[in-house]
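As provided, entry_39.pdb (PDB, C-alpha atoms and all ligand atoms) reads as follows.
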ATOM      1  CA  MET A 231     106.972 125.832  80.585
ATOM      2  CA  VAL A 232     107.071 128.025  83.629
ATOM      3  CA  ARG A 233     103.862 129.463  84.949
ATOM      4  CA  ASP A 234     104.145 133.083  86.137
ATOM      5  CA  LYS A 235     103.042 133.019  89.751
ATOM      6  CA  GLY A 236     103.159 136.764  90.335
ATOM      7  CA  PRO A 237     104.893 138.375  93.309
ATOM      8  CA  CYS A 238     105.343 135.997  96.253
ATOM      9  CA  ARG A 239     104.121 138.041  99.258
ATOM     10  CA  ALA A 240     103.624 141.596  98.050
ATOM     11  CA  ARG A 241     103.077 144.079 100.905
ATOM     12  CA  ARG A 242     103.051 147.817 100.246
ATOM     13  CA  ASP A 243     103.833 148.717 103.904
ATOM     14  CA  LYS A 244     106.918 146.418 103.947
ATOM     15  CA  PRO A 245     106.535 145.240 107.584
ATOM     16  CA  VAL A 246     109.320 143.457 109.482
ATOM     17  CA  CYS A 247     109.049 140.770 112.174
ATOM     18  CA  PRO A 248     110.351 141.160 115.759
ATOM     19  CA  HIS A 249     113.664 139.693 114.520
ATOM     20  CA  GLY A 250     113.957 142.482 111.978
ATOM     21  CA  ARG A 251     113.329 140.234 108.962
ATOM     22  CA  PRO A 252     110.986 141.303 106.154
ATOM     23  CA  LEU A 253     107.464 139.866 106.248
ATOM     24  CA  TRP A 254     107.155 140.403 102.525
ATOM     25  CA  CYS A 255     108.724 139.051  99.374
ATOM     26  CA  SER A 256     108.348 140.700  96.004
ATOM     27  CA  LYS A 257     110.178 137.997  94.017
ATOM     28  CA  ARG A 258     108.550 135.973  91.294
ATOM     29  CA  HIS A 259     109.748 132.475  92.152
ATOM     30  CA  LEU A 260     110.183 129.779  89.538
ATOM     31  CA  ASP A 261     108.690 126.353  90.307
ATOM     32  CA  ASP A 262     112.057 124.899  91.304
ATOM     33  CA  ASP A 263     113.091 127.793  93.576
ATOM     34  CA  GLU A 264     114.123 126.127  96.826
ATOM     35  CA  ARG A 265     112.900 129.133  98.805
ATOM     36  CA  LEU A 266     109.305 128.187  97.965
ATOM     37  CA  GLY A 267     107.485 126.860 101.025
ATOM     38  CA  THR A 268     110.133 128.067 103.471
ATOM     39  CA  PRO A 269     109.301 130.604 106.199
ATOM     40  CA  LEU A 270     110.130 134.302 105.801
ATOM     41  CA  CYS A 271     111.606 134.130 109.320
ATOM     42  CA  VAL A 272     112.715 130.806 110.784
ATOM     43  CA  ASP A 273     112.545 132.279 114.303
ATOM     44  CA  CYS A 274     108.928 133.367 113.919
ATOM     45  CA  TYR A 275     107.827 130.132 112.259
ATOM     46  CA  ASP A 276     106.018 127.723 114.584
ATOM     47  CA  TYR A 277     108.092 124.593 113.960
ATOM     48  CA  LEU A 278     106.632 122.868 117.005
ATOM     49  CA  GLY A 279     103.086 123.465 115.739
ATOM     50  CA  HIS A 280     104.208 122.240 112.337
ATOM     51  CA  VAL A 281     105.586 118.949 113.685
ATOM     52  CA  LEU A 282     102.598 118.385 115.986
ATOM     53  CA  TRP A 283     100.147 118.984 113.135
ATOM     54  CA  GLN A 284     101.893 116.536 110.827
ATOM     55  CA  TRP A 285     102.166 113.896 113.535
ATOM     56  CA  HIS A 286      98.480 114.084 114.432
ATOM     57  CA  ALA A 287      97.168 114.486 110.859
ATOM     58  CA  PRO A 288      96.232 110.775 110.439
ATOM     59  CA  GLU A 289      94.166 110.909 113.654
ATOM     60  CA  LEU A 290      92.631 114.202 112.522
ATOM     61  CA  TRP A 291      91.602 112.493 109.279
ATOM     62  CA  ARG A 292      90.108 109.538 111.180
ATOM     63  CA  ARG A 293      88.026 111.897 113.309
ATOM     64  CA  THR A 294      86.956 113.753 110.181
ATOM     65  CA  THR A 295      85.543 110.556 108.667
ATOM     66  CA  ILE A 296      83.538 109.963 111.855
ATOM     67  CA  ALA A 297      82.300 113.570 111.819
ATOM     68  CA  LEU A 298      81.373 113.183 108.140
ATOM     69  CA  GLN A 299      79.202 110.167 108.877
ATOM     70  CA  ARG A 300      77.513 112.108 111.678
ATOM     71  CA  GLU A 301      76.939 115.149 109.436
ATOM     72  CA  LEU A 302      75.427 113.014 106.689
ATOM     73  CA  ALA A 303      73.146 111.181 109.130
ATOM     74  CA  ARG A 304      71.941 114.518 110.497
ATOM     75  CA  ARG A 305      71.188 115.804 106.982
ATOM     76  CA  CYS A 306      69.131 112.661 106.322
ATOM     77  CA  GLY A 307      67.292 112.991 109.635
ATOM     78  CA  LEU A 308      68.651 109.580 110.707
ATOM     79  CA  SER A 309      70.607 108.290 113.652
ATOM     80  CA  VAL A 310      74.247 107.437 112.859
ATOM     81  CA  LYS A 311      73.389 103.757 113.301
ATOM     82  CA  THR A 312      70.444 103.809 110.889
ATOM     83  CA  PHE A 313      72.456 105.842 108.408
ATOM     84  CA  ALA A 314      75.308 103.323 108.522
ATOM     85  CA  ARG A 315      72.843 100.586 107.571
ATOM     86  CA  ALA A 316      71.532 102.626 104.620
ATOM     87  CA  ALA A 317      74.805 103.845 103.132
ATOM     88  CA  LYS A 318      78.575 103.430 103.219
ATOM     89  CA  VAL A 319      80.993 106.343 102.970
ATOM     90  CA  SER A 320      84.038 105.110 101.088
ATOM     91  CA  TYR A 321      87.146 107.011 100.132
ATOM     92  CA  SER A 322      90.653 106.830  98.804
ATOM     93  CA  LYS A 323      93.170 109.213 100.388
ATOM     94  CA  ILE A 324      96.366 110.506  98.829
ATOM     95  CA  ALA A 325      98.893 112.464 100.901
ATOM     96  CA  GLU A 326     100.806 115.047  98.879
ATOM     97  CA  PHE A 327     103.917 116.641 100.372
ATOM     98  CA  GLN A 328     103.728 120.366  99.849
ATOM     99  CA  ALA A 329     106.763 122.611  99.464
ATOM    100  CA  ARG A 330     106.411 123.715 103.111
ATOM    101  CA  GLY A 331     106.860 120.111 104.260
ATOM    102  CA  LEU A 332     103.316 119.452 105.409
ATOM    103  CA  VAL A 333     100.989 116.953 103.822
ATOM    104  CA  HIS A 334      97.919 117.985 101.917
ATOM    105  CA  LEU A 335      95.220 115.322 101.524
ATOM    106  CA  HIS A 336      93.352 114.632  98.296
ATOM    107  CA  VAL A 337      90.368 112.402  98.923
ATOM    108  CA  PRO A 338      87.863 111.094  96.389
ATOM    109  CA  ILE A 339      84.823 110.362  98.593
ATOM    110  CA  ARG A 340      81.846 108.297  97.484
ATOM    111  CA  LEU A 341      78.536 107.470  99.086
ATOM    112  CA  ASP A 342      77.632 103.837  98.287
ATOM    113  CA  GLY A 343      74.492 101.900  99.040
ATOM    114  CA  PRO A 344      74.551  99.301 101.845
ATOM    115  CA  ASP A 345      76.003  96.636  99.493
ATOM    116  CA  GLY A 346      78.967  98.728  98.477
ATOM    117  CA  PRO A 347      79.982 100.000  95.041
ATOM    118  CA  ASP A 348      78.416  97.094  93.120
ATOM    119  CA  GLY A 349      75.001  97.312  94.774
ATOM    120  CA  ALA A 350      72.187  99.801  94.352
ATOM    121  CA  ALA A 351      72.755 103.509  95.069
ATOM    122  CA  PRO A 352      71.796 104.584  98.584
ATOM    123  CA  ASP A 353      68.156 105.454  99.027
ATOM    124  CA  LEU A 354      68.659 108.741 100.871
ATOM    125  CA  PRO A 355      67.104 112.206 100.602
ATOM    126  CA  ILE A 356      70.471 113.857  99.887
ATOM    127  CA  GLY A 357      72.574 114.614  96.796
ATOM    128  CA  THR A 358      76.117 115.529  95.866
ATOM    129  CA  SER A 359      75.857 119.085  97.165
ATOM    130  CA  ASP A 360      74.779 117.756 100.573
ATOM    131  CA  LEU A 361      77.828 115.480 100.562
ATOM    132  CA  GLU A 362      80.027 118.505  99.782
ATOM    133  CA  ASP A 363      78.398 120.562 102.558
ATOM    134  CA  ALA A 364      78.825 117.683 104.989
ATOM    135  CA  ILE A 365      82.527 117.402 104.109
ATOM    136  CA  HIS A 366      83.028 121.123 104.780
ATOM    137  CA  ALA A 367      81.165 120.866 108.089
ATOM    138  CA  ALA A 368      83.108 117.763 109.155
ATOM    139  CA  ALA A 369      86.438 119.387 108.248
ATOM    140  CA  ALA A 370      85.497 122.521 110.204
ATOM    141  CA  HIS A 371      84.516 120.590 113.338
ATOM    142  CA  ALA A 372      87.121 117.851 113.582
ATOM    143  CA  PHE A 373      90.093 118.485 115.869
ATOM    144  CA  VAL A 374      92.711 116.681 117.967
ATOM    145  CA  ASP A 375      94.079 118.094 121.224
ATOM    146  CA  THR A 376      97.694 117.107 121.813
ATOM    147  CA  THR A 377      98.828 115.734 125.156
ATOM    148  CA  PRO A 378     100.234 118.616 127.253
ATOM    149  CA  LEU A 379     103.865 119.414 126.430
ATOM    150  CA  SER A 380     106.463 119.747 129.198
ATOM    151  CA  ASP A 381     105.446 123.398 129.775
ATOM    152  CA  GLY A 382     101.759 122.428 129.904
ATOM    153  CA  THR A 383     100.913 123.775 126.441
ATOM    154  CA  VAL A 384      98.192 121.914 124.555
ATOM    155  CA  TYR A 385      97.983 122.383 120.814
ATOM    156  CA  ARG A 386      94.649 121.961 119.057
ATOM    157  CA  VAL A 387      95.270 120.362 115.672
ATOM    158  CA  ARG A 388      92.694 121.076 112.962
ATOM    159  CA  TRP A 389      92.332 121.621 109.225
ATOM    160  CA  GLY A 390      93.230 124.941 107.700
ATOM    161  CA  SER A 391      90.946 127.123 105.637
ATOM    162  CA  GLN A 392      91.878 125.494 102.313
ATOM    163  CA  VAL A 393      89.145 122.891 102.172
ATOM    164  CA  ASP A 394      87.999 122.540  98.589
ATOM    165  CA  THR A 395      85.391 120.119  97.269
ATOM    166  CA  ARG A 396      84.446 119.349  93.683
ATOM    167  CA  THR A 397      82.077 116.876  92.124
ATOM    168  CA  ILE A 398      83.721 114.106  90.101
ATOM    169  CA  THR A 399      81.540 113.340  87.101
ATOM    170  CA  GLU A 400      81.876 112.154  83.521
ATOM    171  CA  ARG A 401      79.746 115.147  82.545
ATOM    172  CA  ALA A 402      82.714 117.424  83.300
ATOM    173  CA  PRO A 403      85.045 118.454  80.464
ATOM    174  CA  ARG A 404      88.330 116.529  80.477
ATOM    175  CA  ASP A 405      90.592 119.500  79.993
ATOM    176  CA  THR A 406      89.708 122.081  82.649
ATOM    177  CA  GLN A 407      92.804 123.638  84.171
ATOM    178  CA  ARG A 408      93.600 122.316  87.581
ATOM    179  CA  HIS A 409      93.614 125.802  89.019
ATOM    180  CA  ALA A 410      90.439 126.884  87.270
ATOM    181  CA  ARG A 411      88.435 125.849  90.357
ATOM    182  CA  ALA A 412      85.701 124.250  88.286
ATOM    183  CA  ALA A 413      82.806 122.878  90.333
ATOM    184  CA  LEU A 414      82.850 119.679  88.272
ATOM    185  CA  VAL A 415      85.886 117.589  87.450
ATOM    186  CA  HIS A 416      86.298 114.587  85.143
ATOM    187  CA  PRO A 417      87.369 111.232  86.705
ATOM    188  CA  GLU A 418      90.257 110.840  84.236
ATOM    189  CA  GLN A 419      91.605 114.200  85.253
ATOM    190  CA  VAL A 420      91.343 113.259  88.934
ATOM    191  CA  ALA A 421      93.212 110.007  88.278
ATOM    192  CA  SER A 422      96.022 111.796  86.481
ATOM    193  CA  TYR A 423      96.649 114.461  89.077
ATOM    194  CA  LEU A 424      96.367 112.032  91.987
ATOM    195  CA  ALA A 425      99.062 109.930  90.314
ATOM    196  CA  LYS A 426     101.187 113.072  90.037
ATOM    197  CA  TYR A 427     100.776 113.955  93.729
ATOM    198  CA  LEU A 428     101.802 110.442  94.727
ATOM    199  CA  THR A 429     105.196 110.923  93.097
ATOM    200  CA  LYS A 430     105.914 114.002  95.215
ATOM    201  CA  THR A 431     108.023 112.664  98.024
ATOM    202  CA  THR A 432     110.380 114.014 100.620
ATOM    203  CA  THR A 433     113.358 113.580  98.261
ATOM    204  CA  ASP A 434     112.472 117.138  97.167
ATOM    205  CA  PHE A 435     113.688 118.225 100.620
ATOM    206  CA  GLY A 436     117.021 116.472 100.141
ATOM    207  CA  LEU A 437     116.017 113.429 102.203
ATOM    208  CA  HIS A 438     117.014 110.040 100.831
ATOM    209  CA  GLY A 439     116.494 106.636 102.422
ATOM    210  CA  ARG A 440     116.688 106.274 106.176
ATOM    211  CA  VAL A 441     117.103 109.512 108.126
ATOM    212  CA  ARG A 442     118.615 108.945 111.575
ATOM    213  CA  SER A 443     118.659 112.490 112.910
ATOM    214  CA  ALA A 444     118.535 116.161 111.967
ATOM    215  CA  ALA A 445     122.345 116.163 111.778
ATOM    216  CA  HIS A 446     122.256 113.151 109.464
ATOM    217  CA  ALA A 447     119.741 115.016 107.264
ATOM    218  CA  ARG A 448     121.988 118.081 107.193
ATOM    219  CA  ALA A 449     124.946 115.892 106.206
ATOM    220  CA  MET A 450     122.979 114.402 103.297
ATOM    221  CA  GLY A 451     122.271 117.906 102.037
ATOM    222  CA  ALA A 452     118.687 118.434 103.233
ATOM    223  CA  SER A 453     117.263 121.962 103.049
ATOM    224  CA  GLN A 454     117.554 124.212 106.115
ATOM    225  CA  HIS A 455     113.762 124.144 106.498
ATOM    226  CA  ALA A 456     113.728 120.310 106.515
ATOM    227  CA  VAL A 457     116.604 120.201 109.016
ATOM    228  CA  LEU A 458     114.743 122.594 111.354
ATOM    229  CA  ILE A 459     111.579 120.459 111.101
ATOM    230  CA  LEU A 460     113.602 117.342 111.941
ATOM    231  CA  GLN A 461     115.477 119.071 114.797
ATOM    232  CA  THR A 462     112.121 120.071 116.302
ATOM    233  CA  ALA A 463     110.782 116.516 115.872
ATOM    234  CA  GLN A 464     113.910 115.076 117.468
ATOM    235  CA  ASP A 465     113.723 117.480 120.447
ATOM    236  CA  LEU A 466     110.038 116.692 120.934
ATOM    237  CA  ALA A 467     110.712 112.936 120.798
ATOM    238  CA  GLY A 468     113.439 113.322 123.417
ATOM    239  CA  GLU A 469     111.262 115.443 125.683
ATOM    240  CA  HIS A 470     108.033 113.527 125.586
ATOM    241  CA  GLU A 471     107.366 109.801 125.682
ATOM    242  CA  ASP A 472     104.246 110.168 123.523
ATOM    243  CA  TYR A 473     106.412 111.383 120.672
ATOM    244  CA  HIS A 474     109.264 108.829 120.788
ATOM    245  CA  LEU A 475     107.958 107.263 117.588
ATOM    246  CA  LEU A 476     108.610 110.486 115.682
ATOM    247  CA  LEU A 477     112.210 109.265 115.381
ATOM    248  CA  LYS A 478     111.019 106.412 113.190
ATOM    249  CA  HIS A 479     109.351 108.838 110.791
ATOM    250  CA  LEU A 480     112.063 111.402 110.169
ATOM    251  CA  ALA A 481     112.362 110.406 106.495
ATOM    252  CA  THR A 482     108.740 111.519 105.983
ATOM    253  CA  LEU A 483     109.180 114.736 108.008
ATOM    254  CA  GLY A 484     107.202 113.280 110.898
ATOM    255  CA  PHE A 485     104.248 112.059 108.844
ATOM    256  CA  ARG A 486     103.293 108.558 109.987
ATOM    257  CA  GLY A 487     100.451 107.922 107.555
ATOM    258  CA  HIS A 488     100.762 106.112 104.251
ATOM    259  CA  PRO A 489     101.010 107.994 100.958
ATOM    260  CA  LEU A 490      97.915 106.174  99.727
ATOM    261  CA  THR A 491      95.149 104.592 101.786
ATOM    262  CA  LYS A 492      91.563 103.724 101.086
ATOM    263  CA  SER A 493      88.509 102.433 102.860
ATOM    264  CA  ARG A 494      87.802  98.732 102.242
ATOM    265  CA  ALA A 495      84.972  99.092  99.769
ATOM    266  CA  PHE A 496      86.436 101.931  97.725
ATOM    267  CA  SER A 497      87.876  99.804  94.928
ATOM    268  CA  VAL A 498      89.846  96.646  94.242
ATOM    269  CA  THR A 499      92.220  95.715  97.041
ATOM    270  CA  PHE A 500      95.993  96.005  96.678
ATOM    271  CA  GLY A 501      96.145  92.197  97.101
ATOM    272  CA  GLN A 502      93.873  91.764  94.073
ATOM    273  CA  LEU A 503      96.072  94.103  92.046
ATOM    274  CA  ARG A 504      99.220  92.217  93.049
ATOM    275  CA  ARG A 505      97.649  88.865  92.106
ATOM    276  CA  ALA A 506      96.491  90.292  88.776
ATOM    277  CA  ARG A 507      99.989  91.569  88.023
ATOM    278  CA  ARG A 508     101.536  88.214  88.972
ATOM    279  CA  ARG A 509      99.117  86.282  86.800
ATOM    280  CA  TRP A 510      99.536  88.690  83.894
ATOM    281  CA  ARG A 511     103.304  88.243  83.959
ATOM    282  CA  ARG A 512     102.921  84.470  83.902
ATOM    283  CA  HIS A 513     100.177  84.186  81.346
ATOM    284  CA  PRO A 514      99.238  87.505  79.755
ATOM    285  CA  ALA A 515      96.856  86.083  77.156
ATOM    286  CA  ARG A 516      94.521  84.629  79.743
ATOM    287  CA  LEU A 517      93.373  87.952  81.156
ATOM    288  CA  ASP A 518      90.579  89.712  79.339
ATOM    289  CA  PRO A 519      91.675  93.376  79.342
ATOM    290  CA  ASP A 520      88.124  94.535  80.080
ATOM    291  CA  ALA A 521      87.405  92.019  82.808
ATOM    292  CA  ASP A 522      86.538  93.194  86.307
ATOM    293  CA  ILE A 523      89.650  92.414  88.330
ATOM    294  CA  ARG A 524      87.616  91.433  91.358
ATOM    295  CA  GLU A 525      85.736  88.749  89.389
ATOM    296  CA  VAL A 526      88.692  87.455  87.394
ATOM    297  CA  LEU A 527      90.632  86.878  90.580
ATOM    298  CA  ASP A 528      87.935  85.512  92.773
ATOM    299  CA  ASP A 529      88.324  82.063  91.188
ATOM    300  CA  ASP A 530      91.101  79.770  92.436
ATOM    301  CA  GLU A 531      94.740  80.437  91.833
ATOM    302  CA  TYR A 532      95.456  79.878  88.120
ATOM    303  CA  VAL A 533      97.336  76.635  87.387
ATOM    304  CA  PRO A 534      98.878  76.111  83.914
ATOM    305  CA  ASP A 535      98.023  72.918  81.981
ATOM    306  CA  GLY A 536     100.081  69.894  83.052
ATOM    307  CA  PHE A 537     100.695  71.233  86.574
ATOM    308  CA  VAL A 538      98.988  70.398  89.827
ATOM    309  CA  LEU A 539      98.710  72.935  92.617
ATOM    310  CA  VAL A 540      99.964  71.420  95.873
ATOM    311  CA  SER A 541      99.281  73.613  98.825
ATOM    312  CA  SER A 542     101.017  71.546 101.484
ATOM    313  CA  TRP A 543     104.757  71.715 102.078
ATOM    314  CA  VAL A 544     106.854  68.964 103.641
ATOM    315  CA  PHE A 545     110.579  69.133 104.333
ATOM    316  CA  ASP A 546     112.266  66.783 101.883
ATOM    317  CA  GLY A 547     115.932  67.415 102.418
ATOM    318  CA  GLN A 548     118.598  70.013 102.170
ATOM    319  CA  GLY A 549     121.322  70.765  99.636
ATOM    320  CA  TYR A 550     124.988  71.461 100.302
ATOM    321  CA  LEU A 551     125.657  74.476 102.453
ATOM    322  CA  ASP A 552     128.667  75.719 100.483
ATOM    323  CA  LEU A 553     130.734  75.067  97.355
ATOM    324  CA  ASP A 554     133.422  73.058  99.181
ATOM    325  CA  GLN A 555     130.826  70.599 100.526
ATOM    326  CA  ALA A 556     129.232  70.321  97.075
ATOM    327  CA  ALA A 557     132.640  69.717  95.410
ATOM    328  CA  ALA A 558     133.539  67.038  97.987
ATOM    329  CA  ALA A 559     130.203  65.290  97.323
ATOM    330  CA  VAL A 560     130.682  65.329  93.542
ATOM    331  CA  GLU A 561     134.203  63.974  93.959
ATOM    332  CA  ALA A 562     133.002  61.177  96.282
ATOM    333  CA  ALA A 563     130.235  60.240  93.814
ATOM    334  CA  ALA A 564     132.732  60.152  90.916
ATOM    335  CA  ARG A 565     135.096  57.948  92.933
ATOM    336  CA  ALA A 566     132.259  55.579  93.826
ATOM    337  CA  ARG A 567     131.304  55.272  90.138
ATOM    338  CA  THR A 568     134.912  54.522  89.048
ATOM    339  CA  ARG A 569     135.209  51.823  91.696
TER     340      ARG A 569
HETATM  341 ZN    ZN B 601     109.173 134.720  98.065
HETATM  342 ZN    ZN B 602     111.015 136.707 113.030
END
Hey, can you dump this file as structure tokens for me?
Amino acid sequence: MVRDKGPCRARRDKPVCPHGRPLWCSKRHLDDDERLGTPLCVDCYDYLGHVLWQWHAPELWRRTTIALQRELARRCGLSVKTFARAAKVSYSKIAEFQARGLVHLHVPIRLDGPDGPDGAAPDLPIGTSDLEDAIHAAAAHAFVDTTPLSDGTVYRVRWGSQVDTRTITERAPRDTQRHARAALVHPEQVASYLAKYLTKTTTDFGLHGRVRSAAHARAMGASQHAVLILQTAQDLAGEHEDYHLLLKHLATLGFRGHPLTKSRAFSVTFGQLRRARRRWRRHPARLDPDADIREVLDDDEYVPDGFVLVSSWVFDGQGYLDLDQAAAAVEAAARARTR
């Protein structure tokens, strides 16, 4: 089903940019229209600002988490140090690539007590709405100043105006529309749309596998917008030592963060999940489907009956390096037996 989005950029006065291109668009784009997310004028669009923002976004997020802690401490009337002893801010962060080629972060944030998610709730004079206010304040204050570019320009990287917070609670209905902007949202709904965002990758921009340069991206059929982003990233990397590493992140349009990250205490670790999967494949019946993964896996590595786990390795010998050697050995052994 296709949702009617309405006119794209309706403007009654039909203004044009200094390059003579329209600054309006009256089309009703379908979801798969490749013009979605691309600039009305590629010469007006700030590609340099775009690349710098994406590159510094992980640092901007890190500073936001620090600002959030400070905001929360202030609301509790505590020093940051005392607050950190009373509560832990934990989060899980998902980076979604938007049609314009910039990441958008979705972050479930939780305030745990000092012992983490399994301990008692934090004993603080604040509630969910204070946490939401603190997030808005932290997002408004956090910024990163770039190192001066060759012409001396310094960009200040910060969040845009689209900061939206909602309370995740089982009291929320499960079926509210994502765009309904409900103040409450059900955890199952959050889980399902976060999973959906994770599958949005830069293949939508025509980028596949390793991307060596903007020209390489163009040759593999990347969109003009993606190629211009990559050309800007490549030029910046060539111009400025601080941005050399951009070349290693062309496949993600200059984003160097991970698609999914989380603070330590947020949930089970990826290692625990991998061990659970490994054990399940080997011995599915042993795992209680309702067991807490962290407890199931905190015992020793599972060893099937009749086997002993040996955790030391000693070099015993080596086999034949190729088929000819192996054939010669078999022949020699056969000859020895006949003799
Ligand atoms: Zn349009
Ligand atoms: Zn223009």
Please report, as JSON lines, each residue of chain A lying at most 12 Å from ligand ZN 601 (chain B), together with the nearest pair of atoms and the separation in Å rounded to one decimal; use only C-alpha atoms and all ligand atoms, and order rows by chain and ascending residue number.
{"residue": "A:Lys235", "atom": "CA", "partner": "B:ZN601", "partner_atom": "ZN", "distance": 10.5}
{"residue": "A:Gly236", "atom": "CA", "partner": "B:ZN601", "partner_atom": "ZN", "distance": 10.0}
{"residue": "A:Pro237", "atom": "CA", "partner": "B:ZN601", "partner_atom": "ZN", "distance": 7.4}
{"residue": "A:Cys238", "atom": "CA", "partner": "B:ZN601", "partner_atom": "ZN", "distance": 4.4}
{"residue": "A:Arg239", "atom": "CA", "partner": "B:ZN601", "partner_atom": "ZN", "distance": 6.2}
{"residue": "A:Ala240", "atom": "CA", "partner": "B:ZN601", "partner_atom": "ZN", "distance": 8.8}
{"residue": "A:Arg241", "atom": "CA", "partner": "B:ZN601", "partner_atom": "ZN", "distance": 11.5}
{"residue": "A:Pro252", "atom": "CA", "partner": "B:ZN601", "partner_atom": "ZN", "distance": 10.6}
{"residue": "A:Leu253", "atom": "CA", "partner": "B:ZN601", "partner_atom": "ZN", "distance": 9.8}
{"residue": "A:Trp254", "atom": "CA", "partner": "B:ZN601", "partner_atom": "ZN", "distance": 7.5}
{"residue": "A:Cys255", "atom": "CA", "partner": "B:ZN601", "partner_atom": "ZN", "distance": 4.5}
{"residue": "A:Ser256", "atom": "CA", "partner": "B:ZN601", "partner_atom": "ZN", "distance": 6.4}
{"residue": "A:Lys257", "atom": "CA", "partner": "B:ZN601", "partner_atom": "ZN", "distance": 5.3}
{"residue": "A:Arg258", "atom": "CA", "partner": "B:ZN601", "partner_atom": "ZN", "distance": 6.9}
{"residue": "A:His259", "atom": "CA", "partner": "B:ZN601", "partner_atom": "ZN", "distance": 6.4}
{"residue": "A:Leu260", "atom": "CA", "partner": "B:ZN601", "partner_atom": "ZN", "distance": 9.9}
{"residue": "A:Asp261", "atom": "CA", "partner": "B:ZN601", "partner_atom": "ZN", "distance": 11.4}
{"residue": "A:Asp263", "atom": "CA", "partner": "B:ZN601", "partner_atom": "ZN", "distance": 9.1}
{"residue": "A:Glu264", "atom": "CA", "partner": "B:ZN601", "partner_atom": "ZN", "distance": 10.0}
{"residue": "A:Arg265", "atom": "CA", "partner": "B:ZN601", "partner_atom": "ZN", "distance": 6.8}
{"residue": "A:Leu266", "atom": "CA", "partner": "B:ZN601", "partner_atom": "ZN", "distance": 6.5}
{"residue": "A:Gly267", "atom": "CA", "partner": "B:ZN601", "partner_atom": "ZN", "distance": 8.6}
{"residue": "A:Thr268", "atom": "CA", "partner": "B:ZN601", "partner_atom": "ZN", "distance": 8.6}
{"residue": "A:Pro269", "atom": "CA", "partner": "B:ZN601", "partner_atom": "ZN", "distance": 9.1}
{"residue": "A:Leu270", "atom": "CA", "partner": "B:ZN601", "partner_atom": "ZN", "distance": 7.8}
{"residue": "A:Cys271", "atom": "CA", "partner": "B:ZN601", "partner_atom": "ZN", "distance": 11.5}
Create the file for the chosen residues now, containing C-alpha atoms and written as a PDB file, in the coordinates of the input.
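Output saved as result_36.pdb:
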ATOM      1  CA  LYS A 235     103.042 133.019  89.751  1.00  0.00           C
ATOM      2  CA  GLY A 236     103.159 136.764  90.335  1.00  0.00           C
ATOM      3  CA  PRO A 237     104.893 138.375  93.309  1.00  0.00           C
ATOM      4  CA  CYS A 238     105.343 135.997  96.253  1.00  0.00           C
ATOM      5  CA  ARG A 239     104.121 138.041  99.258  1.00  0.00           C
ATOM      6  CA  ALA A 240     103.624 141.596  98.050  1.00  0.00           C
ATOM      7  CA  ARG A 241     103.077 144.079 100.905  1.00  0.00           C
ATOM      8  CA  PRO A 252     110.986 141.303 106.154  1.00  0.00           C
ATOM      9  CA  LEU A 253     107.464 139.866 106.248  1.00  0.00           C
ATOM     10  CA  TRP A 254     107.155 140.403 102.525  1.00  0.00           C
ATOM     11  CA  CYS A 255     108.724 139.051  99.374  1.00  0.00           C
ATOM     12  CA  SER A 256     108.348 140.700  96.004  1.00  0.00           C
ATOM     13  CA  LYS A 257     110.178 137.997  94.017  1.00  0.00           C
ATOM     14  CA  ARG A 258     108.550 135.973  91.294  1.00  0.00           C
ATOM     15  CA  HIS A 259     109.748 132.475  92.152  1.00  0.00           C
ATOM     16  CA  LEU A 260     110.183 129.779  89.538  1.00  0.00           C
ATOM     17  CA  ASP A 261     108.690 126.353  90.307  1.00  0.00           C
ATOM     18  CA  ASP A 263     113.091 127.793  93.576  1.00  0.00           C
ATOM     19  CA  GLU A 264     114.123 126.127  96.826  1.00  0.00           C
ATOM     20  CA  ARG A 265     112.900 129.133  98.805  1.00  0.00           C
ATOM     21  CA  LEU A 266     109.305 128.187  97.965  1.00  0.00           C
ATOM     22  CA  GLY A 267     107.485 126.860 101.025  1.00  0.00           C
ATOM     23  CA  THR A 268     110.133 128.067 103.471  1.00  0.00           C
ATOM     24  CA  PRO A 269     109.301 130.604 106.199  1.00  0.00           C
ATOM     25  CA  LEU A 270     110.130 134.302 105.801  1.00  0.00           C
ATOM     26  CA  CYS A 271     111.606 134.130 109.320  1.00  0.00           C
TER      27      CYS A 271
END
Exercise. Determine, counting only C-alpha atoms, which protein, DNA and RNA residues have an atom within 7 Å of an atom of segment 452-460 of chain A; residues of the same chain fewer than 3 positions away are not included. Present the result as a ChimeraX atom specification.
Key: /A:268,277,281,435-437,444,447-448,463-464,480,483
Residues within 6 Å of ligand ZN 602 (chain B) should be enumerated using only C-alpha atoms and all ligand atoms and returned as a PDB file with C-alpha atoms, in the coordinates of the input.
ATOM      1  CA  CYS A 247     109.049 140.770 112.174  1.00  0.00           C
ATOM      2  CA  PRO A 248     110.351 141.160 115.759  1.00  0.00           C
ATOM      3  CA  HIS A 249     113.664 139.693 114.520  1.00  0.00           C
ATOM      4  CA  ARG A 251     113.329 140.234 108.962  1.00  0.00           C
ATOM      5  CA  CYS A 271     111.606 134.130 109.320  1.00  0.00           C
ATOM      6  CA  ASP A 273     112.545 132.279 114.303  1.00  0.00           C
ATOM      7  CA  CYS A 274     108.928 133.367 113.919  1.00  0.00           C
TER       8      CYS A 274
END
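Residues matching the PyMOL selection byres (((chain A and resi 415) around 6) and not hetatm) in this structure come to A:Ile398, A:Ala402, A:Leu414, A:His416.
Taking atom CA of Thr499 of chain A as the reference point, atom CA of Asp348 of chain A is found at 14.4 Å.
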Quiz item: Residues around (100.9, 120.4, 112.2), cut-off 12 Å, counting all atoms listed in the file - what are they as a PyMOL selection string?
Solution: chain A and resi 275-290+330-334+373-376+385-390+459+462-463+483-485
Quiz prompt | Expansion of the PyMOL selection byres (((chain A and resi 493) around 7) and not hetatm) into residues, as a list in words | solution = Ser320, Tyr321, Ser322, Lys492, Arg494, Ala495 and Phe496 of chain A
